[in-house]
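Working notes, beginning with the structure itself.
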Amino acid sequence: MHTANPPYAARRARVAALLGANAVAIVPTAPQQPRNRDSDHPYRHDSYFYYLTGFSEPNAWLVLTADGRSTLFCQPKDLEREIWDGIRLGPDAAPAALGVDEAYSVAELDSRLPRLLENTRTVWYPFATHAGLESRIDGWLQKVRARVRHGALAPDAQRDLCAILDEMRLIKDAHELDIMRRAARISAGAHVRAMQRSAAMLRAGQDVREFHLEAELLHEFRQHGSQAPAYGSIVAAGANACVLHYRADAAPIRDGELVLIDAGCELDGYASDITRTFPANGRFTGPQRALYELVLASQQAAIDATRPGARFTDPHDATVKVLTQGMLDLGLIDKNQHGTLQDAIASRAYFAYYMHRTGHWLGMDVHDCGSYVEPGEIGQVSERRDPLSGEIIKDRPSRILRPGMALTIEPGLYVRPSDKAPKEFWNIGIRIEDDAIVTDTGCELITRDAPVDPDAIEALMRG
């Protein structure tokens, strides 16, 4: 996608202003990845590069200088290759299309980069994101140093550009939020479609497999313009839902079991991430509903805790409190062994059934970039001993939530067969996940076009 949309130029200007005097920033896009002989994986740009350019072709580089000048290196026009691989923007058209100051063929990268680095003090690039990038930069710096007898100065500092870009990407602008809301609507429709297909096929007496429901997701994603799934779709029937990163496979979807679907589309470079758990036949059993309503109540507690000024960990703590009390009430946690609610939380008795965090940042990447520690409080470190592993954990103050941050809210319960769990709950896995944008007063859930209320799910699946 080629665009001269103003957000990209404004972002480049913001980055340039933060580089410091006599500095250069280098940002490559992602390489193409071979799948097997004569076949590549579907291409996906690097998120940092796209954030600053809106340019999705492979084999491209962006160079920014502290004075705000931007140079793009991209694939040259090549009529023969374009017959096979598609039309290229090319260096001549890039400045007008992308708003960069200059553009050159990527074939000139090695000859031009040393001159761009010459007489600068600092070179910025994203650390630990591109294999071989450090050695490539070393090679350019060697060429700069080879000219010191001619009066050239070489950079004497290298800094991680992720530190700047992660902070910028953590607060979404209006352009980004618009795309994320559209992605969420598409993904919610896909979940609705999968729920209805499951019930309809079972009513018709057909053999239903996980891949049938995955097919519904993929159809709905592409039908509405999404370029791809944002991650490998999880479609987990019955006991498979107790495997957190289970992938959609060929297991049968059986009448009377639950289905957990964790799936979201990527639209114009931005991810959505939804999980819904529903009865395959459209009707919850008593034990299924009891656990489902507990997870839903814990999610509501987390939603209520997601507001500006709160800490990133507050929704998780709210979830754990509700889930742990519910597990004590339902007999999943033995009151005689673990004592009060506070005792059970302190000993992490809930961890046998709830072993992940309640959310993560969301944006261009499903697990988006951005520190989970409040930057001004990094030095405030406290230590505690984990009651389960015995290791010493170093805690730092959690991030303060601010308007424009986007995150998931996704509590769950996963009950594997054991002598500690009541048998009616065995092999039930439930997760409910929504995407939230922090607002001035609380949070906006952008994925609720897919229902979470159990009565609403049953009504939807009857229709």
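Chain identifiers are assigned as A, B, and so on, following the order in which chains appear in the structure tokens; residues are numbered from 1 within each chain, and ligands are numbered from 1 in order of appearance.
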Item to complete: Please return as a ChimeraX atom specification: the residues of segment 1-245 of chain A that backbone DSSP assigns to alpha helix (DSSP H).
Response: /A:6-18,47-53,79-85,94-98,109-117,133-145,162-170,174-203,210-223
Sorted by chain and rising residue number, which residues of segment 253-321 of chain A lie within 10 Å of segment 202-226 of chain A, and what are their closest atom pairs and distances in Å to one decimal, counting only C-alpha atoms, as a tab-separated table?
residue	atom	partner	partner_atom	distance
A:Ile253	CA	A:Arg209	CA	5.4
A:Arg254	CA	A:Val208	CA	7.6
A:Asp255	CA	A:Leu202	CA	6.9
A:Val259	CA	A:Glu210	CA	8.8
A:Ile261	CA	A:Glu214	CA	8.7
A:Ala263	CA	A:Leu217	CA	7.8
A:Gly264	CA	A:Phe221	CA	8.2
A:Cys265	CA	A:Phe221	CA	6.0
A:Glu266	CA	A:Ser226	CA	5.9
A:Leu267	CA	A:Ser226	CA	4.7
A:Asp268	CA	A:Ser226	CA	7.3
A:Gly269	CA	A:Ser226	CA	9.4
A:Tyr270	CA	A:Ser226	CA	9.8
A:Ala271	CA	A:Ser226	CA	9.9
A:Ala280	CA	A:Leu202	CA	7.8
A:Asn281	CA	A:Leu202	CA	6.3
A:Gly282	CA	A:Leu202	CA	9.4
Okay, now the selection with C-alpha atoms, as an mmCIF file, in the first residue's frame?
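Result file follows (selection33.cif):
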data_model
loop_
_atom_site.group_PDB
_atom_site.id
_atom_site.type_symbol
_atom_site.label_atom_id
_atom_site.label_comp_id
_atom_site.auth_asym_id
_atom_site.auth_seq_id
_atom_site.Cartn_x
_atom_site.Cartn_y
_atom_site.Cartn_z
ATOM 1 C CA ILE A 253 -16.381 -30.583 17.445
ATOM 2 C CA ARG A 254 -18.784 -32.596 19.567
ATOM 3 C CA ASP A 255 -22.286 -31.854 20.738
ATOM 4 C CA VAL A 259 -15.247 -24.446 21.557
ATOM 5 C CA ILE A 261 -11.656 -19.556 19.301
ATOM 6 C CA ALA A 263 -8.505 -15.284 16.277
ATOM 7 C CA GLY A 264 -8.203 -11.836 14.786
ATOM 8 C CA CYS A 265 -7.457 -10.258 11.441
ATOM 9 C CA GLU A 266 -4.760 -7.813 10.434
ATOM 10 C CA LEU A 267 -6.023 -4.790 8.525
ATOM 11 C CA ASP A 268 -3.657 -2.266 6.896
ATOM 12 C CA GLY A 269 -0.856 -3.235 9.254
ATOM 13 C CA TYR A 270 -2.868 -3.342 12.517
ATOM 14 C CA ALA A 271 -3.911 -6.386 14.539
ATOM 15 C CA ALA A 280 -20.674 -26.174 20.136
ATOM 16 C CA ASN A 281 -24.417 -26.857 19.927
ATOM 17 C CA GLY A 282 -25.484 -23.428 21.159
#
Discussion item. Under the rule that only C-alpha atoms are counted, which of A:Ser371, A:Ser105, A:Ser298, A:Thr441 is the nearest residue to Leu170 of chain A?
Written reply: A:Ser371
Taking a cut-off of 12 Å and counting only C-alpha atoms, can you build a table that, for each residue of segment 102-183 of chain A near segment 445-455 of chain A, reports the nearest atom pair and how far apart they are in Å (one decimal), sorted by chain then residue number, as CSV?
residue,atom,partner,partner_atom,distance
A:Leu177,CA,A:Ile446,CA,9.8
A:Asp178,CA,A:Ile446,CA,10.5
A:Ile179,CA,A:Ile446,CA,11.1
A:Met180,CA,A:Ile446,CA,8.2
A:Arg181,CA,A:Ile446,CA,5.9
A:Arg182,CA,A:Ile446,CA,8.8
A:Ala183,CA,A:Thr447,CA,9.0
Please produce an output containing N, CA, C and O atoms for each residue in the selection, written as a compact mmCIF listing (two decimals), in the first residue's frame.
# COMPACT_ATOMS: atom_id res chain seq x y z
N LEU A 177 -6.25 4.35 15.46
CA LEU A 177 -7.45 3.87 16.15
C LEU A 177 -8.59 3.59 15.18
O LEU A 177 -9.37 2.66 15.38
N ASP A 178 -8.69 4.38 14.13
CA ASP A 178 -9.71 4.13 13.12
C ASP A 178 -9.51 2.76 12.47
O ASP A 178 -10.46 1.98 12.31
N ILE A 179 -8.27 2.45 12.11
CA ILE A 179 -7.97 1.15 11.49
C ILE A 179 -8.25 0.03 12.49
O ILE A 179 -8.84 -1.00 12.13
N MET A 180 -7.83 0.20 13.75
CA MET A 180 -8.02 -0.85 14.74
C MET A 180 -9.49 -1.13 15.01
O MET A 180 -9.89 -2.28 15.20
N ARG A 181 -10.32 -0.08 15.01
CA ARG A 181 -11.76 -0.30 15.19
C ARG A 181 -12.34 -1.09 14.02
O ARG A 181 -13.19 -1.97 14.20
N ARG A 182 -11.90 -0.78 12.80
CA ARG A 182 -12.39 -1.51 11.63
C ARG A 182 -11.92 -2.97 11.66
O ARG A 182 -12.70 -3.89 11.36
N ALA A 183 -10.68 -3.18 12.05
CA ALA A 183 -10.18 -4.56 12.18
C ALA A 183 -10.97 -5.33 13.22
O ALA A 183 -11.31 -6.51 13.02
Worksheet item: Which one of A:Thr120, A:Ser272, A:Asn427, A:Gln299 sits closest to Ala237 of chain A if you count only C-alpha atoms?
Response: A:Asn427
Worksheet item: So what do you get for atom CA of Asp92 of chain A versus atom CA of Leu116 of chain A, distance-wise?
Response: 19.8 Å
Worksheet item: Hey, what's within 12 Å of Gly256 of chain A if we count only C-alpha atoms and toss same-chain stuff fewer than 6 positions away? As a PyMOL selection string, please?
Response: chain A and resi 198-199+202+237-238+278-288+428
Keeping C-alpha atoms for every residue in the selection just given, could you write it to a file as a PDB file, in the first residue's frame?
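The new file selection-v3.pdb reads:
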ATOM      1  CA  SER A 198     -20.921 -24.768  14.529  1.00  0.00           C
ATOM      2  CA  ALA A 199     -24.522 -24.940  15.751  1.00  0.00           C
ATOM      3  CA  LEU A 202     -24.461 -30.016  14.482  1.00  0.00           C
ATOM      4  CA  ALA A 237     -12.675 -28.057  20.672  1.00  0.00           C
ATOM      5  CA  GLY A 238     -13.322 -29.666  24.050  1.00  0.00           C
ATOM      6  CA  PHE A 278     -19.158 -20.975  23.200  1.00  0.00           C
ATOM      7  CA  PRO A 279     -21.109 -24.259  23.392  1.00  0.00           C
ATOM      8  CA  ALA A 280     -20.674 -26.174  20.136  1.00  0.00           C
ATOM      9  CA  ASN A 281     -24.417 -26.857  19.927  1.00  0.00           C
ATOM     10  CA  GLY A 282     -25.484 -23.428  21.159  1.00  0.00           C
ATOM     11  CA  ARG A 283     -26.496 -24.457  24.703  1.00  0.00           C
ATOM     12  CA  PHE A 284     -24.297 -24.223  27.817  1.00  0.00           C
ATOM     13  CA  THR A 285     -24.464 -27.064  30.332  1.00  0.00           C
ATOM     14  CA  GLY A 286     -24.676 -26.198  34.042  1.00  0.00           C
ATOM     15  CA  PRO A 287     -20.951 -26.677  34.816  1.00  0.00           C
ATOM     16  CA  GLN A 288     -19.932 -24.894  31.600  1.00  0.00           C
ATOM     17  CA  ILE A 428     -13.266 -27.248  30.192  1.00  0.00           C
TER      18      ILE A 428
END
Worksheet item: Near Arg396 of chain A, counting only C-alpha atoms, which residues have an atom at most 10 Å away, once you skip same-chain residues fewer than 3 positions from it, shown as a PyMOL selection string?
Response: chain A and resi 372-375+377-383+393+399
